[in-house]
$ cat work-v4.cif   # mmCIF, C-alpha atoms
data_data
loop_
_atom_site.label_atom_id
_atom_site.label_comp_id
_atom_site.auth_asym_id
_atom_site.auth_seq_id
_atom_site.Cartn_x
_atom_site.Cartn_y
_atom_site.Cartn_z
CA MET A 245 182.45 159.70 59.02
CA THR A 246 184.06 159.36 55.61
CA SER A 247 182.32 157.52 52.79
CA THR A 248 184.73 154.63 53.33
CA ASP A 249 183.85 154.52 57.03
CA ILE A 250 180.14 154.38 56.21
CA GLN A 251 180.62 151.63 53.64
CA GLN A 252 182.57 149.59 56.19
CA LEU A 253 179.95 150.25 58.89
CA MET A 254 177.11 149.14 56.66
CA GLN A 255 178.97 146.08 55.41
CA GLN A 256 179.67 145.00 58.98
CA THR A 257 176.03 145.65 59.89
CA GLY A 258 174.93 143.54 56.94
CA GLU A 259 177.26 140.69 57.80
CA ARG A 260 176.01 140.59 61.39
CA ALA A 261 172.39 140.75 60.25
CA ARG A 262 172.87 137.88 57.81
CA ALA A 263 174.44 135.71 60.51
CA ALA A 264 171.67 136.61 62.97
CA SER A 265 168.97 135.82 60.40
CA ARG A 266 170.11 132.19 60.24
CA LEU A 267 169.78 131.86 64.01
CA LEU A 268 166.39 133.58 64.04
CA ALA A 269 165.06 131.37 61.25
CA ARG A 270 165.45 128.32 63.47
CA ALA A 271 164.23 129.92 66.71
CA ASP A 272 161.14 128.26 68.10
CA THR A 273 157.86 130.06 68.70
CA ALA A 274 158.17 130.10 72.49
CA THR A 275 161.56 131.83 72.35
CA LYS A 276 160.40 134.46 69.88
CA ASN A 277 157.29 135.18 71.93
CA ALA A 278 159.33 135.42 75.13
CA ALA A 279 161.59 137.98 73.45
CA LEU A 280 158.60 140.04 72.30
CA LEU A 281 157.17 140.09 75.81
CA ALA A 282 160.56 140.94 77.30
CA ILE A 283 160.84 143.91 74.94
CA ALA A 284 157.34 145.05 75.89
CA ALA A 285 158.24 144.85 79.57
CA ALA A 286 161.46 146.82 79.00
CA ILE A 287 159.52 149.55 77.20
CA ARG A 288 156.98 149.83 80.02
CA SER A 289 159.79 150.07 82.56
CA ASN A 290 161.46 152.94 80.73
CA VAL A 291 158.63 155.34 79.87
CA ALA A 292 160.25 158.35 81.53
CA HIS A 293 163.58 157.71 79.80
CA LEU A 294 161.92 157.33 76.40
CA ILE A 295 159.95 160.55 76.83
CA SER A 296 163.14 162.34 77.89
CA GLU A 297 165.05 161.15 74.82
CA ASN A 298 162.10 161.96 72.58
CA ALA A 299 162.00 165.49 73.99
CA LYS A 300 165.46 166.09 72.49
CA ASP A 301 164.14 165.15 69.06
CA LEU A 302 160.99 167.26 69.47
CA SER A 303 163.03 170.28 70.53
CA ALA A 304 165.27 169.96 67.49
CA ALA A 305 162.28 169.52 65.15
CA ARG A 306 160.54 172.64 66.45
CA ALA A 307 163.78 174.63 66.31
CA ALA A 308 164.14 173.57 62.67
CA GLY A 309 160.66 174.93 61.92
CA GLN A 310 159.01 171.59 61.14
CA ASP A 311 155.24 171.76 60.67
CA ALA A 312 152.61 170.39 63.06
CA ALA A 313 152.02 167.20 61.08
CA PHE A 314 155.74 166.41 61.16
CA VAL A 315 155.98 166.98 64.91
CA ASP A 316 152.82 164.92 65.49
CA ARG A 317 154.43 161.91 63.79
CA LEU A 318 157.51 162.30 65.99
CA VAL A 319 155.86 162.46 69.42
CA LEU A 320 156.26 159.75 72.04
CA ASN A 321 154.06 160.02 75.12
CA ALA A 322 152.67 157.61 77.69
CA LYS A 323 149.81 156.63 75.36
CA THR A 324 151.97 155.95 72.28
CA ILE A 325 154.57 154.09 74.34
CA GLU A 326 151.90 151.87 75.86
CA ALA A 327 150.55 151.26 72.34
CA MET A 328 153.98 150.00 71.29
CA ALA A 329 154.06 147.54 74.19
CA VAL A 330 150.53 146.36 73.46
CA GLY A 331 151.45 145.93 69.80
CA LEU A 332 154.30 143.62 70.75
CA GLU A 333 151.97 141.57 72.95
CA GLN A 334 149.53 141.28 70.08
CA ILE A 335 152.28 140.07 67.78
CA ALA A 336 153.29 137.49 70.37
CA ALA A 337 149.70 136.26 70.48
CA LEU A 338 149.51 135.75 66.73
CA PRO A 339 150.07 132.29 65.23
CA ASP A 340 153.62 131.60 64.12
CA LEU A 341 153.54 131.09 60.37
CA ILE A 342 157.14 129.94 60.01
CA GLY A 343 157.47 126.29 59.07
CA GLU A 344 153.78 125.94 58.26
CA VAL A 345 153.22 123.50 55.38
CA SER A 346 150.18 124.06 53.16
CA ASN A 347 148.68 122.87 49.87
CA LEU A 348 150.07 119.38 50.38
CA ARG A 349 148.96 117.05 47.60
CA LEU A 350 149.84 113.58 46.35
CA ARG A 351 151.19 113.35 42.82
CA PRO A 352 150.77 110.32 40.50
CA SER A 353 154.50 109.61 40.93
CA GLY A 354 153.94 108.95 44.66
CA ILE A 355 155.64 112.12 45.93
CA GLN A 356 153.80 114.64 48.08
CA VAL A 357 154.29 118.29 47.10
CA GLY A 358 153.49 121.24 49.35
CA GLN A 359 154.65 124.72 50.30
CA MET A 360 156.40 125.83 53.48
CA ARG A 361 156.29 129.37 54.79
CA VAL A 362 159.77 130.73 55.50
CA PRO A 363 161.36 134.08 56.49
CA LEU A 364 162.60 136.47 53.82
CA GLY A 365 165.95 136.73 55.64
CA VAL A 366 167.20 140.27 56.28
CA ILE A 367 164.86 143.23 55.96
CA GLY A 368 166.08 146.81 55.73
CA ILE A 369 163.59 149.42 56.92
CA ILE A 370 164.19 153.09 56.11
CA TYR A 371 161.76 155.48 57.77
CA GLU A 372 161.18 159.05 58.81
CA SER A 373 159.77 160.70 61.91
CA ARG A 374 157.74 157.91 63.53
CA PRO A 375 159.87 156.31 66.29
CA ASN A 376 157.16 153.70 66.92
CA VAL A 377 158.24 152.13 63.62
CA THR A 378 161.43 151.02 65.40
CA VAL A 379 159.41 148.79 67.72
CA ASP A 380 156.74 147.74 65.22
CA ALA A 381 159.34 146.69 62.67
CA ALA A 382 161.49 144.92 65.24
CA GLY A 383 158.51 142.98 66.58
CA LEU A 384 157.18 141.89 63.20
CA CYS A 385 160.60 140.92 61.90
CA LEU A 386 161.35 138.97 65.08
CA LYS A 387 158.08 137.01 65.01
CA SER A 388 158.49 136.24 61.29
CA GLY A 389 162.07 135.03 61.80
CA ASN A 390 163.77 137.89 59.95
CA ALA A 391 166.72 140.00 61.01
CA ALA A 392 166.17 143.75 60.68
CA ILE A 393 168.41 146.68 59.85
CA LEU A 394 166.59 149.87 60.83
CA ARG A 395 167.60 153.28 59.56
CA GLY A 396 165.41 156.01 61.02
CA GLY A 397 165.61 159.68 60.20
CA SER A 398 167.98 162.11 61.88
CA GLU A 399 164.94 163.87 63.39
CA ALA A 400 164.23 160.84 65.63
CA ILE A 401 167.75 159.62 66.31
CA HIS A 402 167.59 159.91 70.12
CA SER A 403 164.21 158.17 70.32
CA ASN A 404 165.23 155.40 67.94
CA LEU A 405 168.51 154.61 69.68
CA ALA A 406 166.79 154.52 73.08
CA LEU A 407 164.18 152.10 71.74
CA ALA A 408 166.83 149.98 70.01
CA THR A 409 168.64 149.52 73.30
CA LEU A 410 165.47 148.16 74.89
CA VAL A 411 164.80 145.86 71.94
CA GLN A 412 168.28 144.40 72.18
CA GLN A 413 167.89 143.94 75.95
CA GLY A 414 164.78 141.86 75.30
CA LEU A 415 166.56 139.77 72.68
CA ALA A 416 169.53 139.12 74.93
CA ALA A 417 167.27 138.17 77.85
CA THR A 418 165.90 135.25 75.83
CA GLY A 419 169.13 134.10 74.23
CA LEU A 420 168.49 135.52 70.79
CA PRO A 421 171.25 137.45 68.98
CA ALA A 422 171.22 141.20 69.63
CA ASP A 423 172.25 141.66 65.99
CA ALA A 424 168.81 140.41 64.96
CA VAL A 425 167.69 144.05 65.26
CA GLN A 426 170.23 146.77 64.50
CA VAL A 427 169.56 150.50 64.32
CA VAL A 428 172.02 152.38 62.12
CA GLY A 429 173.69 154.91 64.41
CA THR A 430 174.78 157.44 61.80
CA THR A 431 172.39 159.99 60.32
CA ASP A 432 174.53 160.40 57.20
CA ARG A 433 172.41 159.92 54.06
CA ALA A 434 175.20 157.83 52.56
CA ALA A 435 174.18 155.03 54.92
CA VAL A 436 170.87 154.77 53.06
CA GLY A 437 172.69 154.52 49.74
CA ALA A 438 174.82 151.70 51.10
CA LEU A 439 171.91 149.83 52.70
CA ILE A 440 169.81 149.73 49.52
CA THR A 441 172.68 148.40 47.42
CA MET A 442 173.74 145.40 49.54
CA PRO A 443 171.85 142.45 47.98
CA GLN A 444 174.44 140.07 49.40
CA TYR A 445 173.19 140.94 52.90
CA VAL A 446 169.69 142.41 52.57
CA ASP A 447 166.73 140.62 50.95
CA VAL A 448 164.10 143.36 50.85
CA ILE A 449 163.84 147.09 51.60
CA VAL A 450 160.78 148.70 53.19
CA PRO A 451 160.77 152.52 53.01
CA ARG A 452 158.36 154.52 55.18
CA GLY A 453 158.34 158.26 54.75
CA GLY A 454 157.73 161.08 52.33
CA LYS A 455 157.33 160.74 48.61
CA SER A 456 160.84 162.01 47.86
CA LEU A 457 162.45 159.40 50.14
CA ILE A 458 160.47 156.53 48.65
CA ALA A 459 161.02 157.72 45.08
CA ARG A 460 164.76 157.91 45.70
CA ILE A 461 164.92 154.42 47.18
CA SER A 462 162.79 152.97 44.39
CA ALA A 463 165.09 154.50 41.79
CA GLU A 464 168.41 153.58 43.38
CA ALA A 465 167.83 150.27 45.17
CA THR A 466 169.33 147.07 43.79
CA ILE A 467 167.15 145.10 46.22
CA PRO A 468 163.37 144.48 45.95
CA VAL A 469 161.35 147.29 47.56
CA ILE A 470 157.95 147.04 49.30
CA LYS A 471 156.49 150.52 49.05
CA HIS A 472 153.76 153.06 48.49
CA LEU A 473 154.46 156.58 47.25
CA ASP A 474 151.29 158.45 48.23
CA GLY A 475 148.18 158.01 50.32
CA ILE A 476 145.63 159.86 48.20
CA CYS A 477 142.57 158.22 49.75
CA HIS A 478 138.98 158.82 48.66
CA VAL A 479 135.55 158.48 50.21
CA PHE A 480 132.64 158.34 47.74
CA ILE A 481 129.17 159.10 49.10
CA ASP A 482 126.81 157.25 46.77
CA ALA A 483 123.22 158.25 45.94
CA SER A 484 121.73 155.69 48.35
CA ALA A 485 123.99 156.45 51.31
CA ASP A 486 122.56 156.77 54.80
CA LEU A 487 123.10 160.47 55.56
CA ASP A 488 124.06 160.09 59.23
CA MET A 489 126.49 157.32 58.34
CA ALA A 490 127.96 159.35 55.50
CA VAL A 491 128.59 162.37 57.72
CA ARG A 492 130.07 160.26 60.51
CA ILE A 493 132.44 158.35 58.21
CA ALA A 494 133.50 161.30 56.05
CA ASP A 495 134.23 163.31 59.19
CA ASN A 496 136.27 160.52 60.78
CA ALA A 497 138.16 159.68 57.60
CA LYS A 498 139.48 163.24 57.44
CA THR A 499 139.62 164.65 60.96
CA GLN A 500 140.35 161.74 63.30
CA ARG A 501 144.01 162.39 62.51
CA TYR A 502 145.52 164.39 59.68
CA SER A 503 149.02 163.00 59.30
CA PRO A 504 148.59 159.25 58.52
CA CYS A 505 148.68 157.95 54.96
CA ASN A 506 145.18 156.43 55.29
CA THR A 507 143.48 159.78 55.94
CA MET A 508 140.96 160.84 53.28
CA GLU A 509 142.29 163.57 50.99
CA THR A 510 139.41 163.77 48.47
CA LEU A 511 135.66 163.51 49.09
CA LEU A 512 133.46 162.55 46.14
CA VAL A 513 129.68 163.00 46.41
CA HIS A 514 126.95 161.78 44.07
CA ARG A 515 125.06 164.72 42.62
CA SER A 516 121.65 163.42 43.70
CA ILE A 517 122.60 163.47 47.40
CA ALA A 518 124.99 166.43 47.42
CA ALA A 519 122.50 169.09 48.52
CA ARG A 520 121.45 167.00 51.52
CA VAL A 521 124.91 165.99 52.78
CA LEU A 522 127.52 168.54 51.68
CA PRO A 523 126.31 171.61 53.65
CA GLN A 524 126.18 169.56 56.84
CA LEU A 525 129.63 168.09 56.23
CA ALA A 526 131.12 171.45 55.26
CA ARG A 527 130.01 172.93 58.58
CA VAL A 528 131.55 170.00 60.45
CA TYR A 529 134.84 170.48 58.62
CA GLN A 530 134.92 174.24 59.03
CA ASP A 531 134.19 173.94 62.75
CA LYS A 532 137.34 171.80 62.94
CA GLY A 533 139.44 174.19 60.89
CA VAL A 534 139.60 172.13 57.69
CA GLU A 535 140.23 174.16 54.52
CA LEU A 536 137.89 173.09 51.71
CA ARG A 537 139.11 173.11 48.09
CA CYS A 538 136.10 172.40 45.89
CA ASP A 539 135.08 172.00 42.29
CA THR A 540 132.76 174.65 40.83
CA ASP A 541 129.55 172.69 41.45
CA THR A 542 130.42 172.14 45.10
CA ARG A 543 131.28 175.80 45.68
CA THR A 544 128.02 176.90 44.06
CA LEU A 545 125.98 174.46 46.16
CA LEU A 546 127.70 175.47 49.39
CA ALA A 547 127.40 179.18 48.63
CA ALA A 548 123.64 178.73 48.19
CA ALA A 549 123.61 177.18 51.68
CA GLY A 550 125.45 180.20 53.09
CA ILE A 551 128.90 178.59 53.16
CA VAL A 552 131.21 180.86 51.19
CA ASP A 553 134.57 180.28 52.87
CA THR A 554 135.82 177.74 50.30
CA LEU A 555 138.54 177.71 47.66
CA THR A 556 138.48 176.55 44.06
CA ALA A 557 140.34 173.29 43.67
CA SER A 558 143.17 173.25 41.16
CA GLU A 559 144.06 170.28 39.00
CA GLU A 560 146.95 169.57 41.37
CA ASP A 561 144.64 169.40 44.41
CA TRP A 562 143.05 166.18 43.13
CA ARG A 563 146.44 164.44 43.14
CA THR A 564 147.85 165.89 46.38
CA GLU A 565 148.39 164.10 49.68
CA TYR A 566 147.95 167.00 52.09
CA LEU A 567 148.66 165.30 55.44
CA ALA A 568 147.02 168.42 56.85
CA PRO A 569 143.55 169.90 57.56
CA ILE A 570 142.86 170.44 53.85
CA LEU A 571 140.24 168.53 51.86
CA ALA A 572 139.39 168.42 48.16
CA ILE A 573 135.68 167.93 47.33
CA ALA A 574 133.99 167.12 44.02
CA ILE A 575 130.44 166.32 42.95
CA VAL A 576 130.18 163.45 40.46
CA ASP A 577 127.27 162.24 38.34
CA SER A 578 127.57 158.50 38.86
CA LEU A 579 129.42 155.57 40.36
CA ASP A 580 131.33 155.26 37.08
CA ALA A 581 132.47 158.87 37.34
CA ALA A 582 133.65 158.28 40.93
CA ILE A 583 135.62 155.18 39.96
CA ASP A 584 137.12 157.01 36.97
CA HIS A 585 138.19 159.90 39.21
CA ILE A 586 139.82 157.52 41.70
CA GLU A 587 141.63 155.66 38.93
CA HIS A 588 142.88 158.90 37.35
CA TYR A 589 143.97 160.75 40.47
CA GLY A 590 144.33 158.13 43.21
CA SER A 591 147.43 156.38 44.49
CA HIS A 592 145.94 152.87 44.86
CA HIS A 593 146.17 153.07 48.65
CA THR A 594 142.70 153.07 50.30
CA ASP A 595 139.28 154.08 49.01
CA SER A 596 135.80 153.74 50.52
CA ILE A 597 132.20 153.90 49.29
CA ILE A 598 129.25 154.88 51.50
CA THR A 599 126.17 153.21 50.05
CA ASN A 600 123.11 151.08 50.72
CA ASP A 601 123.15 149.74 47.16
CA HIS A 602 124.65 146.24 47.22
CA THR A 603 125.30 146.17 43.46
CA ASN A 604 127.19 149.46 43.58
CA ALA A 605 129.12 148.33 46.63
CA MET A 606 130.25 145.14 44.88
CA ARG A 607 131.20 147.04 41.74
CA PHE A 608 133.28 149.45 43.83
CA LEU A 609 135.09 146.53 45.51
CA ARG A 610 135.84 144.85 42.19
CA GLU A 611 136.71 147.87 40.06
CA VAL A 612 138.63 150.20 42.37
CA ASP A 613 142.23 149.08 41.97
CA SER A 614 143.55 149.91 45.43
CA ALA A 615 145.34 147.94 48.12
CA SER A 616 142.41 148.41 50.53
CA VAL A 617 138.84 148.98 49.33
CA MET A 618 136.02 149.51 51.84
CA ILE A 619 132.23 149.64 52.08
CA ASN A 620 130.63 151.90 54.71
CA ALA A 621 133.81 152.31 56.76
CA SER A 622 136.40 155.01 57.38
CA THR A 623 139.66 154.83 55.43
CA ARG A 624 141.41 155.24 58.79
CA PHE A 625 140.91 151.50 59.39
CA ALA A 626 143.54 150.66 56.76
CA ASP A 627 146.40 149.63 59.00
CA GLY A 628 147.81 146.44 60.41
CA PHE A 629 146.47 146.91 63.93
CA GLU A 630 142.88 147.41 62.76
CA PHE A 631 143.15 144.55 60.25
CA GLY A 632 144.19 142.15 63.00
CA LEU A 633 147.80 141.83 61.86
CA GLY A 634 149.22 143.16 65.11
CA ALA A 635 151.57 145.98 64.16
CA GLU A 636 152.45 146.65 60.54
CA ILE A 637 155.76 147.29 58.86
CA GLY A 638 154.18 149.54 56.25
CA ILE A 639 151.61 149.77 53.49
CA SER A 640 152.27 148.33 50.04
CA THR A 641 150.54 149.48 46.87
CA ASP A 642 152.65 147.07 44.83
CA LYS A 643 150.93 144.06 43.29
CA LEU A 644 153.67 141.46 43.70
CA HIS A 645 154.29 139.59 46.96
CA ALA A 646 152.62 141.96 49.45
CA ARG A 647 149.73 144.43 49.06
CA GLY A 648 148.02 146.62 51.65
CA PRO A 649 149.14 146.63 55.30
CA VAL A 650 152.23 144.43 55.53
CA GLY A 651 152.14 142.19 58.59
CA LEU A 652 153.68 138.82 59.36
CA GLU A 653 152.62 137.05 56.17
CA GLY A 654 154.01 139.88 54.03
CA LEU A 655 157.42 139.35 55.64
CA THR A 656 157.56 135.70 54.62
CA SER A 657 157.83 133.70 51.43
CA LEU A 658 156.87 130.20 50.32
CA LYS A 659 159.17 127.47 49.15
CA TYR A 660 158.16 124.13 47.70
CA VAL A 661 158.78 121.03 49.78
CA VAL A 662 158.60 117.44 48.59
CA PHE A 663 158.05 114.32 50.70
CA GLY A 664 159.19 111.15 48.97
CA HIS A 665 159.34 107.46 49.68
CA GLY A 666 162.17 106.48 47.38
CA GLU A 667 160.47 107.61 44.16
CA ILE A 668 162.57 108.26 41.07
CA ARG A 669 161.56 110.00 37.87
CA THR A 670 161.21 107.76 34.81
#
$ encode --input "work-v4.cif" --output "structure tokens"
Amino acid sequence: MTSTDIQQLMQQTGERARAASRLLARADTATKNAALLAIAAAIRSNVAHLISENAKDLSAARAAGQDAAFVDRLVLNAKTIEAMAVGLEQIAALPDLIGEVSNLRLRPSGIQVGQMRVPLGVIGIIYESRPNVTVDAAGLCLKSGNAAILRGGSEAIHSNLALATLVQQGLAATGLPADAVQVVGTTDRAAVGALITMPQYVDVIVPRGGKSLIARISAEATIPVIKHLDGICHVFIDASADLDMAVRIADNAKTQRYSPCNTMETLLVHRSIAARVLPQLARVYQDKGVELRCDTDTRTLLAAAGIVDTLTASEEDWRTEYLAPILAIAIVDSLDAAIDHIEHYGSHHTDSIITNDHTNAMRFLREVDSASVMINASTRFADGFEFGLGAEIGISTDKLHARGPVGLEGLTSLKYVVFGHGEIRT
């Protein structure tokens, strides 16, 4: 396609999405829920077809030499497909926020002033690898009354188009416009450039992918962007931590899955507890093939315990999102030192403290400036499903509008509404 062709394609996509968004905004809850359930049913009825289409993408990714973490994010199997259907059912079961009036109060003039929750309008989602985002985004946008323009990566084009067909079947079965969810069919990068510079059609952009993609979109978009650049997540084992709990959580936060953005990348350990917990944890990690990049104190401590297969962490290791079986470890002297480290090197995504000291726990919650902050829990809980939002459209480390996992409420806005009885201003 020529650049002119792509501009025309994206303009037509935007026009259709804007028209569909007006119809969706007035759709009632029962209709939206019926569409979500119809999409879930269509997905369950087409598992074999989805796996077949996904196999084409997996074959191409492996032929291109993509690493294991990349391929892991791309895979569709019976379990992940069922999870998509369940996610849609969970979204259908959530309360419908659209049209909800809150904060209603009577003014001295006699008018009543409140706020109504309304859709954002048209949401553009740009994402890499994960084909489940196609369904998650479609479901959340549908329930929140927004039209969606989805532009997945070329590596998942077959999976995404197959899923889009099923989404549109579900929409059509319940009388909603198929244009409410559109997947961009071209893999040309120029389509992204067009999508992020169409404020007349698109109200917000949500990028999901690598740092380079998100940095590019943030720099070039003329539309508000809901984003996070990195998931440099920390677990801090405090002096008073329960040792069994600390080992269990620090293990899970790193090894339950390596590729998600809420996986721990740096472990911080209070000096007074380090000798009791680090050798045990290091053995757990090494048994699972995790490479350990440690500060000097940690390497010395582990070597004394007979664990010598570690590397010296570089300055860059503390600010790296590995998305792989690699972990940076540092010993710190205090809670203040841990918080300072997180502030200096972290990405404001998700950080957790393991402690039995209530005062330290509350300080960590207040002072760590991240979108999700946890006490005695794995960072892997930081997603929309685990937070009870149903699916999520992404994680935001921004501070305006939406922060943390972005579910239904993050895809809406508030407008003021006034109920009068003939009052005039004097």
$ resolve_selection --input "work-v4.cif" --expression "the PyMOL selection byres ((chain A and resi 409) around 12)" --output "ChimeraX atom specification"
/A:283,286-287,290,293-294,378-379,382,402-408,410-416,422-423,425-427,429
$ resolve_selection --input "work-v4.cif" --expression "the PyMOL selection byres ((chain A and resi 590) around 9)" --output "ChimeraX atom specification"
/A:474-478,562-563,585-589,591-595,614
$ write_last_selection --input "work-v4.cif" --atoms "C-alpha atoms" --output "JSON list (two decimals), in the frame of the given file"
[["chain", "number", "residue", "atom", "x", "y", "z"],
["A", 474, "ASP", "CA", 151.29, 158.45, 48.23],
["A", 475, "GLY", "CA", 148.18, 158.01, 50.32],
["A", 476, "ILE", "CA", 145.63, 159.86, 48.20],
["A", 477, "CYS", "CA", 142.57, 158.22, 49.75],
["A", 478, "HIS", "CA", 138.98, 158.82, 48.66],
["A", 562, "TRP", "CA", 143.05, 166.18, 43.13],
["A", 563, "ARG", "CA", 146.44, 164.44, 43.14],
["A", 585, "HIS", "CA", 138.19, 159.90, 39.21],
["A", 586, "ILE", "CA", 139.82, 157.52, 41.70],
["A", 587, "GLU", "CA", 141.63, 155.66, 38.93],
["A", 588, "HIS", "CA", 142.88, 158.90, 37.35],
["A", 589, "TYR", "CA", 143.97, 160.75, 40.47],
["A", 591, "SER", "CA", 147.43, 156.38, 44.49],
["A", 592, "HIS", "CA", 145.94, 152.87, 44.86],
["A", 593, "HIS", "CA", 146.17, 153.07, 48.65],
["A", 594, "THR", "CA", 142.70, 153.07, 50.30],
["A", 595, "ASP", "CA", 139.28, 154.08, 49.01],
["A", 614, "SER", "CA", 143.55, 149.91, 45.43]]
$ atom_distance --input "work-v4.cif" --atom1 "CA of Ile598 in chain A" --atom2 "CA of Asp561 in chain A"
22.3 Å
$ resolve_selection --input "work-v4.cif" --expression "the PyMOL selection byres ((chain A and resi 653) around 10)" --output "list in words"
Asp340, Leu341, Ile342, Arg361, Val362, Pro363, Leu384, Ser388, Leu633, His645, Ala646, Val650, Gly651, Leu652, Gly654, Leu655, Thr656, Ser657 and Leu658 of chain A
$ atom_distance --input "work-v4.cif" --atom1 "CA of Val377 in chain A" --atom2 "CA of Ile637 in chain A"
7.2 Å
$ residues_around --input "work-v4.cif" --residues "Asp584 in chain A" --least-positions-apart "4" --cutoff "12 Å" --atoms "all atoms listed in the file" --output "list of chain:residue names"
A:His478, A:Phe480, A:Leu512, A:Val576, A:Asp577, A:Ser578, A:Leu579, A:Asp580, A:His588, A:Tyr589, A:Gly590, A:Phe608, A:Glu611, A:Val612, A:Asp613
$ write_last_selection --input "work-v4.cif" --atoms "C-alpha atoms" --output "compact mmCIF listing (two decimals), in the frame of the given file"
# COMPACT_ATOMS: atom_id res chain seq x y z
CA HIS A 478 138.98 158.82 48.66
CA PHE A 480 132.64 158.34 47.74
CA LEU A 512 133.46 162.55 46.14
CA VAL A 576 130.18 163.45 40.46
CA ASP A 577 127.27 162.24 38.34
CA SER A 578 127.57 158.50 38.86
CA LEU A 579 129.42 155.57 40.36
CA ASP A 580 131.33 155.26 37.08
CA HIS A 588 142.88 158.90 37.35
CA TYR A 589 143.97 160.75 40.47
CA GLY A 590 144.33 158.13 43.21
CA PHE A 608 133.28 149.45 43.83
CA GLU A 611 136.71 147.87 40.06
CA VAL A 612 138.63 150.20 42.37
CA ASP A 613 142.23 149.08 41.97
$ closest_residue --input "work-v4.cif" --among "A:Asn376, A:Thr540, A:Thr441, A:Gln251" --to "Ile467 in chain A" --atoms "all atoms listed in the file"
A:Thr441
$ closest_residue --input "work-v4.cif" --among "A:Asn277, A:Gly533, A:Ile619, A:Gln252" --to "Thr603 in chain A" --atoms "all atoms listed in the file"
A:Ile619
$ atom_distance --input "work-v4.cif" --atom1 "CA of Tyr566 in chain A" --atom2 "CA of Ala581 in chain A"
22.9 Å
$ closest_residue --input "work-v4.cif" --among "A:Val315, A:Ala261, A:Ile458, A:Val366" --to "Ser503 in chain A" --atoms "only C-alpha atoms"
A:Val315
$ closest_residue --input "work-v4.cif" --among "A:Ala549, A:Ala312, A:Ile597, A:Ile575" --to "Ala485 in chain A" --atoms "only C-alpha atoms"
A:Ile597
$ closest_residue --input "work-v4.cif" --among "A:Glu560, A:Thr623, A:Leu280, A:Leu555" --to "Ala417 in chain A" --atoms "all atoms listed in the file"
A:Leu280
$ closest_residue --input "work-v4.cif" --among "A:Leu318, A:Leu348, A:Ile481, A:Ile461" --to "Glu372 in chain A" --atoms "all atoms listed in the file"
A:Leu318
$ residues_around --input "work-v4.cif" --residues "range 349-356 of chain A" --least-positions-apart "2" --cutoff "9 Å" --atoms "all atoms listed in the file" --output "ChimeraX atom specification"
/A:347,358,661-669
$ axis_aligned_box --input "work-v4.cif" --around "range 620-629 of chain A" --padding-each-side "4 Å" --output "lines of an AutoDock Vina configuration file"
center_x = 139.2
center_y = 150.8
center_z = 59.3
size_x = 25.2
size_y = 16.8
size_z = 17.2
$ residues_around --input "work-v4.cif" --residues "range 333-336 of chain A" --least-positions-apart "6" --cutoff "9 Å" --atoms "only C-alpha atoms" --output "list of chain:residue names"
A:Thr273, A:Lys276, A:Asn277, A:Ala278, A:Ala279, A:Leu280, A:Leu281, A:Ala284, A:Gly383, A:Leu384, A:Lys387, A:Phe629, A:Gly632, A:Leu633, A:Gly634, A:Ala635, A:Leu652
$ residues_around --input "work-v4.cif" --residues "Met245 in chain A" --least-positions-apart "5" --cutoff "12 Å" --atoms "all atoms listed in the file" --output "mmCIF file with C-alpha atoms, keeping the file's coordinate frame"
data_model
loop_
_atom_site.group_PDB
_atom_site.id
_atom_site.type_symbol
_atom_site.label_atom_id
_atom_site.label_comp_id
_atom_site.auth_asym_id
_atom_site.auth_seq_id
_atom_site.Cartn_x
_atom_site.Cartn_y
_atom_site.Cartn_z
ATOM 1 C CA ILE A 250 180.140 154.380 56.210
ATOM 2 C CA GLN A 251 180.620 151.630 53.640
ATOM 3 C CA GLN A 252 182.570 149.590 56.190
ATOM 4 C CA LEU A 253 179.950 150.250 58.890
ATOM 5 C CA GLY A 429 173.690 154.910 64.410
ATOM 6 C CA THR A 430 174.780 157.440 61.800
ATOM 7 C CA THR A 431 172.390 159.990 60.320
ATOM 8 C CA ASP A 432 174.530 160.400 57.200
ATOM 9 C CA ARG A 433 172.410 159.920 54.060
ATOM 10 C CA ALA A 434 175.200 157.830 52.560
ATOM 11 C CA ALA A 435 174.180 155.030 54.920
#
$ residues_around --input "work-v4.cif" --residues "Gln500 in chain A" --least-positions-apart "5" --cutoff "12 Å" --atoms "only C-alpha atoms" --output "PyMOL selection string"
chain A and resi 492-495+506-508+529+532+534+567-569+622-625
$ write_last_selection --input "work-v4.cif" --atoms "C-alpha atoms" --output "PDB file, in the frame of the given file"
ATOM      1  CA  ARG A 492     130.070 160.260  60.510  1.00  0.00           C
ATOM      2  CA  ILE A 493     132.440 158.350  58.210  1.00  0.00           C
ATOM      3  CA  ALA A 494     133.500 161.300  56.050  1.00  0.00           C
ATOM      4  CA  ASP A 495     134.230 163.310  59.190  1.00  0.00           C
ATOM      5  CA  ASN A 506     145.180 156.430  55.290  1.00  0.00           C
ATOM      6  CA  THR A 507     143.480 159.780  55.940  1.00  0.00           C
ATOM      7  CA  MET A 508     140.960 160.840  53.280  1.00  0.00           C
ATOM      8  CA  TYR A 529     134.840 170.480  58.620  1.00  0.00           C
ATOM      9  CA  LYS A 532     137.340 171.800  62.940  1.00  0.00           C
ATOM     10  CA  VAL A 534     139.600 172.130  57.690  1.00  0.00           C
ATOM     11  CA  LEU A 567     148.660 165.300  55.440  1.00  0.00           C
ATOM     12  CA  ALA A 568     147.020 168.420  56.850  1.00  0.00           C
ATOM     13  CA  PRO A 569     143.550 169.900  57.560  1.00  0.00           C
ATOM     14  CA  SER A 622     136.400 155.010  57.380  1.00  0.00           C
ATOM     15  CA  THR A 623     139.660 154.830  55.430  1.00  0.00           C
ATOM     16  CA  ARG A 624     141.410 155.240  58.790  1.00  0.00           C
ATOM     17  CA  PHE A 625     140.910 151.500  59.390  1.00  0.00           C
TER      18      PHE A 625
END
